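So the structure is just underneath, and the comments pick up after that.
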Amino acid sequence: MTDEARSAMTGSGHPVALRLAIDQGGHASRALLFDPAGRIVGRGTHAVQTSEPRPGWVEQDAEEVVRTVSMSIMQAMSGHEAPEVAAAGLATQRSSIVCWSRGSGRPLSPVISWQDLRASGWIRNFSAHRKAVETSTGLRLSAHYGAAKLHWCLEHLPEVQAAFSRGDLAFGPLASFLVYRFTRERSFVIDPANAARTLLFSLEARDWDPVLLRLFGIPREPLPRCVPTRFGFGSLPVCGGFVPLRIVTGDQSAALFSCGRPVDTAVYINAGTGAFVQRPCGPRPRRNPQLIAGIAFADGAAAEFVLEGTVNGAGSALRWLGCETGRDGFEEQIPAWLESVPDPPLFLNGVGGLGAPFWVPDFPSRFIGAGNLPEKAVAVVESIVFLIYENIRKMRGSGAPLDHIIASGGIARLDALCQKLADISGLPVFRVDEPEATALGLAFLLQDPGCGSPGRTGIWFQPAANAVLAARRGRWRTAMARALRAAC
């Protein structure tokens, strides 16, 4: 136990200032326990399997997600008791959805991942309503978001249909399912950041949009009630006691707070399975036709909106390369390859669908030029850098001048990626030492409102002249423009 935790002892002998951050991500469930100084005093991590039963389908077993979250909490709490924990926070994959029974809590569908595109054909039927959808939700009309997935479940899963007929159906973002399953009260609620990734949530009203519910044929009754980010979500059973769940949000929304309160002169990048590029906008939504608008936090009258770009093919693109070449497990060699490969080919990266600012869901990935595995791996990494920068370029005119980038996530552990991003953007890049940016953000949000940042350490990458990289990016942009014209 830290000195700070001992100093918070109550008369019962239990410190009450620890904070439990639960991060349910695409490939693992994690729980981190923070002391009052922001230091990590407990960790738990358990992998979650992902299946792709058909091309474009990406699923996880909902009960396995529940088990791995529970095991991660137990592991992080080893040596601690529930009365030591003042509050808990939960962050999840934002656009993933689940259907379940209101009566039993039993899942009636898999977790259909944010990466899943099974309903792409159906969502295209609404192209005439694109402007109305974007105005209300801030999102592009895309099968990545929840509405298409929920409709698919209603149309194709007999158990979901039967539960709806008897008034027993619950469905919504993954966060709402986990809150329902884990809280003693079986709270049936959802926060703004996760609700906002369904194509059914009005950013202005901060509630389900009745017009969009009718448009997409989604019934209101099975959806959870919309509540603020900071809310009394219920009590989590932890180590024989109960811990209040005070914060629920999305994984990327939490990551925005990994260094404390966000500033509008920075761009925040969290790069894992995908790379998510966010620029804080303050208390009102800001629009850009090539980006999406979102809400990262809402607590009563206070809110933090963001402009966001999505690069779907980050870590997933490297896994794609492993599958394509039959050479899985090469990730540890990438840092050395990034230092030693002088002239990689170009990679046009449409893994998981080409996201912002191009928005081509069925864009075919391809290499321009020949290369061996090390050269192709470097090309994939550079494509991530180039796509991130395309999003940063679109954000430059929205607000105050940008003066730095904050990078986090597993892919950002690559020094060469951060340096290349600094060189291409001309902006210094600060990489947080602790890679679990989502948990860091949760820990910050779990503090009392108005508290300052606990302070984070990291590494700065200063921009340098890199004519070779700039020329390669120029060729990549030309090749992308040609491929985009062909795709349209």
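In the structure tokens, chains take letters A, B, ... by order of appearance, with residues numbered from 1 within each chain and ligands from 1 in the order shown.
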### Message
Quick one: residues within 12 Å of stretch 398-403 of chain A, only C-alpha atoms, excluding same-chain residues fewer than 2 positions away - as a ChimeraX atom specification?
### Response
/A:263-268,278-282,285-289,291,293,306-308,391-396,405-406,422,425-430,462-463
With N, CA, C and O atoms retained, could you export that selection as a compact mmCIF listing (two decimals), in the first residue's frame?
# COMPACT_ATOMS: atom_id res chain seq x y z
N VAL A 263 -6.99 19.86 -24.16
CA VAL A 263 -6.80 21.24 -24.61
C VAL A 263 -7.07 21.31 -26.10
O VAL A 263 -6.82 20.35 -26.84
N ASP A 264 -7.55 22.45 -26.57
CA ASP A 264 -7.98 22.55 -27.97
C ASP A 264 -6.84 22.85 -28.93
O ASP A 264 -7.06 22.94 -30.14
N THR A 265 -5.63 22.98 -28.42
CA THR A 265 -4.47 23.18 -29.31
C THR A 265 -3.75 21.86 -29.60
O THR A 265 -2.70 21.86 -30.25
N ALA A 266 -4.29 20.75 -29.11
CA ALA A 266 -3.66 19.45 -29.32
C ALA A 266 -4.59 18.53 -30.10
O ALA A 266 -5.81 18.66 -30.06
N VAL A 267 -3.98 17.61 -30.83
CA VAL A 267 -4.69 16.49 -31.43
C VAL A 267 -4.31 15.25 -30.64
O VAL A 267 -3.14 15.04 -30.32
N TYR A 268 -5.30 14.43 -30.31
CA TYR A 268 -5.10 13.23 -29.49
C TYR A 268 -5.27 11.99 -30.36
O TYR A 268 -6.28 11.84 -31.05
N GLN A 278 -8.58 12.60 -32.43
CA GLN A 278 -9.60 13.46 -31.84
C GLN A 278 -9.06 14.87 -31.62
O GLN A 278 -7.92 15.03 -31.17
N ARG A 279 -9.91 15.85 -31.89
CA ARG A 279 -9.60 17.23 -31.54
C ARG A 279 -10.71 17.78 -30.66
O ARG A 279 -11.88 17.82 -31.08
N PRO A 280 -10.40 18.21 -29.42
CA PRO A 280 -11.43 18.76 -28.54
C PRO A 280 -12.04 20.04 -29.12
O PRO A 280 -11.34 20.86 -29.72
N CYS A 281 -13.35 20.18 -28.95
CA CYS A 281 -14.08 21.33 -29.50
C CYS A 281 -14.76 22.17 -28.43
O CYS A 281 -15.39 23.17 -28.77
N GLY A 282 -14.75 21.74 -27.18
CA GLY A 282 -15.44 22.50 -26.15
C GLY A 282 -16.88 22.09 -25.98
O GLY A 282 -17.27 20.96 -26.32
N PRO A 285 -20.98 21.06 -30.36
CA PRO A 285 -20.46 20.28 -31.49
C PRO A 285 -19.92 21.17 -32.60
O PRO A 285 -20.43 22.27 -32.81
N ARG A 286 -18.88 20.72 -33.25
CA ARG A 286 -18.31 21.43 -34.39
C ARG A 286 -18.34 20.48 -35.58
O ARG A 286 -18.07 19.30 -35.44
N ARG A 287 -18.67 21.00 -36.76
CA ARG A 287 -18.89 20.14 -37.92
C ARG A 287 -17.77 20.29 -38.94
O ARG A 287 -17.21 21.36 -39.12
N ASN A 288 -17.46 19.18 -39.58
CA ASN A 288 -16.55 19.15 -40.72
C ASN A 288 -17.05 18.03 -41.62
O ASN A 288 -17.22 16.90 -41.15
N PRO A 289 -17.32 18.30 -42.88
CA PRO A 289 -17.96 17.30 -43.72
C PRO A 289 -17.14 16.03 -43.94
O PRO A 289 -17.71 15.00 -44.32
N LEU A 291 -15.07 14.71 -41.50
CA LEU A 291 -14.81 14.10 -40.20
C LEU A 291 -16.14 13.82 -39.52
O LEU A 291 -17.20 14.12 -40.06
N ALA A 293 -18.43 14.22 -35.81
CA ALA A 293 -18.56 14.96 -34.56
C ALA A 293 -19.00 13.98 -33.48
O ALA A 293 -19.83 13.10 -33.73
N VAL A 306 -15.98 16.61 -29.61
CA VAL A 306 -14.75 16.40 -30.37
C VAL A 306 -15.06 16.31 -31.85
O VAL A 306 -16.16 15.91 -32.25
N LEU A 307 -14.07 16.69 -32.64
CA LEU A 307 -14.00 16.28 -34.03
C LEU A 307 -13.16 15.01 -34.07
O LEU A 307 -12.13 14.92 -33.38
N GLU A 308 -13.57 14.04 -34.85
CA GLU A 308 -12.87 12.76 -34.82
C GLU A 308 -12.69 12.19 -36.21
O GLU A 308 -13.57 12.31 -37.07
N ASN A 391 -6.12 13.08 -41.52
CA ASN A 391 -7.14 13.56 -40.58
C ASN A 391 -6.70 14.83 -39.85
O ASN A 391 -7.49 15.75 -39.65
N ILE A 392 -5.42 14.88 -39.47
CA ILE A 392 -4.92 16.09 -38.80
C ILE A 392 -5.04 17.29 -39.73
O ILE A 392 -5.42 18.39 -39.30
N ARG A 393 -4.74 17.10 -41.00
CA ARG A 393 -4.86 18.21 -41.96
C ARG A 393 -6.27 18.77 -41.99
O ARG A 393 -6.48 19.98 -42.06
N LYS A 394 -7.27 17.90 -41.93
CA LYS A 394 -8.66 18.36 -41.95
C LYS A 394 -9.05 19.07 -40.66
O LYS A 394 -10.00 19.86 -40.65
N MET A 395 -8.33 18.81 -39.58
CA MET A 395 -8.65 19.43 -38.29
C MET A 395 -7.96 20.77 -38.08
O MET A 395 -8.32 21.52 -37.17
N ARG A 396 -6.99 21.10 -38.90
CA ARG A 396 -6.19 22.30 -38.66
C ARG A 396 -7.03 23.57 -38.69
O ARG A 396 -6.75 24.51 -37.94
N ILE A 405 0.84 17.07 -30.67
CA ILE A 405 0.07 15.84 -30.78
C ILE A 405 0.34 15.02 -29.53
O ILE A 405 1.48 14.92 -29.06
N ILE A 406 -0.70 14.41 -28.96
CA ILE A 406 -0.55 13.48 -27.84
C ILE A 406 -0.90 12.09 -28.35
O ILE A 406 -2.01 11.87 -28.86
N ALA A 422 5.69 13.07 -36.39
CA ALA A 422 6.19 14.41 -36.09
C ALA A 422 6.80 15.04 -37.34
O ALA A 422 6.55 16.22 -37.64
N SER A 425 3.93 15.90 -39.95
CA SER A 425 2.97 16.93 -39.51
C SER A 425 3.64 18.26 -39.17
O SER A 425 2.98 19.30 -39.16
N GLY A 426 4.94 18.21 -38.84
CA GLY A 426 5.61 19.42 -38.37
C GLY A 426 5.24 19.77 -36.94
O GLY A 426 5.56 20.87 -36.46
N LEU A 427 4.59 18.85 -36.21
CA LEU A 427 4.17 19.09 -34.83
C LEU A 427 4.91 18.14 -33.90
O LEU A 427 5.08 16.95 -34.21
N PRO A 428 5.36 18.62 -32.73
CA PRO A 428 5.95 17.70 -31.76
C PRO A 428 4.92 16.69 -31.26
O PRO A 428 3.74 17.02 -31.10
N VAL A 429 5.36 15.48 -31.04
CA VAL A 429 4.49 14.39 -30.58
C VAL A 429 4.91 14.01 -29.16
O VAL A 429 6.08 13.71 -28.92
N PHE A 430 3.95 14.03 -28.24
CA PHE A 430 4.19 13.57 -26.87
C PHE A 430 3.53 12.21 -26.70
O PHE A 430 2.32 12.07 -26.89
N GLN A 462 10.46 15.39 -31.53
CA GLN A 462 10.47 16.69 -32.19
C GLN A 462 10.52 16.52 -33.71
O GLN A 462 11.24 15.66 -34.22
N PRO A 463 9.78 17.35 -34.44
CA PRO A 463 9.79 17.22 -35.91
C PRO A 463 11.15 17.56 -36.49
O PRO A 463 11.86 18.45 -36.00
### helix (DSSP H, G or I) residues, from DSSP on the backbone, in stretch 138-242 of chain A, as number ranges by chain
A: 146-156, 158-165, 174-182, 192-195, 210-216
### Task
Could you give me, as a ChimeraX atom specification, the residues within 7 Å of A:Val58, counting only C-alpha atoms and dropping anything in the same chain fewer than 5 positions from it?
/A:50-52,112-113,115-116
Selection to disk with all heavy atoms, as a compact mmCIF listing (two decimals), in the first residue's frame:
# COMPACT_ATOMS: atom_id res chain seq x y z
N THR A 50 -11.70 -13.15 -30.79
CA THR A 50 -12.53 -12.56 -31.83
C THR A 50 -12.70 -13.57 -32.95
O THR A 50 -11.74 -14.25 -33.33
CB THR A 50 -11.87 -11.28 -32.39
OG1 THR A 50 -11.72 -10.32 -31.34
CG2 THR A 50 -12.71 -10.67 -33.50
N SER A 51 -13.93 -13.70 -33.44
CA SER A 51 -14.17 -14.62 -34.55
C SER A 51 -14.69 -13.84 -35.75
O SER A 51 -15.33 -12.79 -35.61
CB SER A 51 -15.19 -15.70 -34.15
OG SER A 51 -16.45 -15.11 -33.86
N GLU A 52 -14.41 -14.38 -36.93
CA GLU A 52 -14.88 -13.80 -38.18
C GLU A 52 -15.56 -14.91 -38.98
O GLU A 52 -14.97 -15.49 -39.89
CB GLU A 52 -13.72 -13.17 -38.95
CG GLU A 52 -13.05 -12.04 -38.18
CD GLU A 52 -11.91 -11.37 -38.93
OE1 GLU A 52 -11.88 -11.50 -40.17
OE2 GLU A 52 -11.07 -10.74 -38.29
N ILE A 112 -21.44 -7.88 -31.46
CA ILE A 112 -21.14 -7.58 -32.86
C ILE A 112 -20.22 -6.36 -32.85
O ILE A 112 -20.60 -5.28 -32.43
CB ILE A 112 -22.42 -7.34 -33.66
CG1 ILE A 112 -23.31 -8.59 -33.59
CG2 ILE A 112 -22.07 -7.01 -35.11
CD1 ILE A 112 -24.58 -8.49 -34.42
N SER A 113 -19.00 -6.57 -33.29
CA SER A 113 -17.91 -5.61 -33.12
C SER A 113 -18.13 -4.34 -33.94
O SER A 113 -18.80 -4.35 -34.99
CB SER A 113 -16.59 -6.26 -33.55
OG SER A 113 -15.56 -5.30 -33.70
N GLN A 115 -16.04 -3.25 -35.79
CA GLN A 115 -15.41 -3.51 -37.08
C GLN A 115 -16.35 -4.21 -38.07
O GLN A 115 -16.05 -4.29 -39.25
CB GLN A 115 -14.17 -4.39 -36.89
CG GLN A 115 -13.14 -3.81 -35.94
CD GLN A 115 -12.05 -4.81 -35.61
OE1 GLN A 115 -11.15 -5.04 -36.40
NE2 GLN A 115 -12.16 -5.45 -34.46
N ASP A 116 -17.47 -4.74 -37.57
CA ASP A 116 -18.36 -5.58 -38.36
C ASP A 116 -19.10 -4.76 -39.43
O ASP A 116 -19.62 -3.68 -39.15
CB ASP A 116 -19.37 -6.24 -37.42
CG ASP A 116 -20.19 -7.31 -38.10
OD1 ASP A 116 -21.11 -6.96 -38.87
OD2 ASP A 116 -19.92 -8.49 -37.86
#### Entry: Length of the atom CA of A:Val48 to atom CA of A:Arg319 vector [Å]
15.6 Å
### Query
Closest to A:Val85 among A:Tyr145, A:Trp122, A:Phe171, A:Phe242, using only C-alpha atoms?
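Ranking A:Tyr145, A:Trp122, A:Phe171, A:Phe242 by distance to A:Val85, first place goes to A:Phe242.
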### Query
Pick the closest to A:Ala314 from A:Gly240, A:Pro335, A:Pro357, A:Gly409: which is it, counting only C-alpha atoms?
A:Gly409
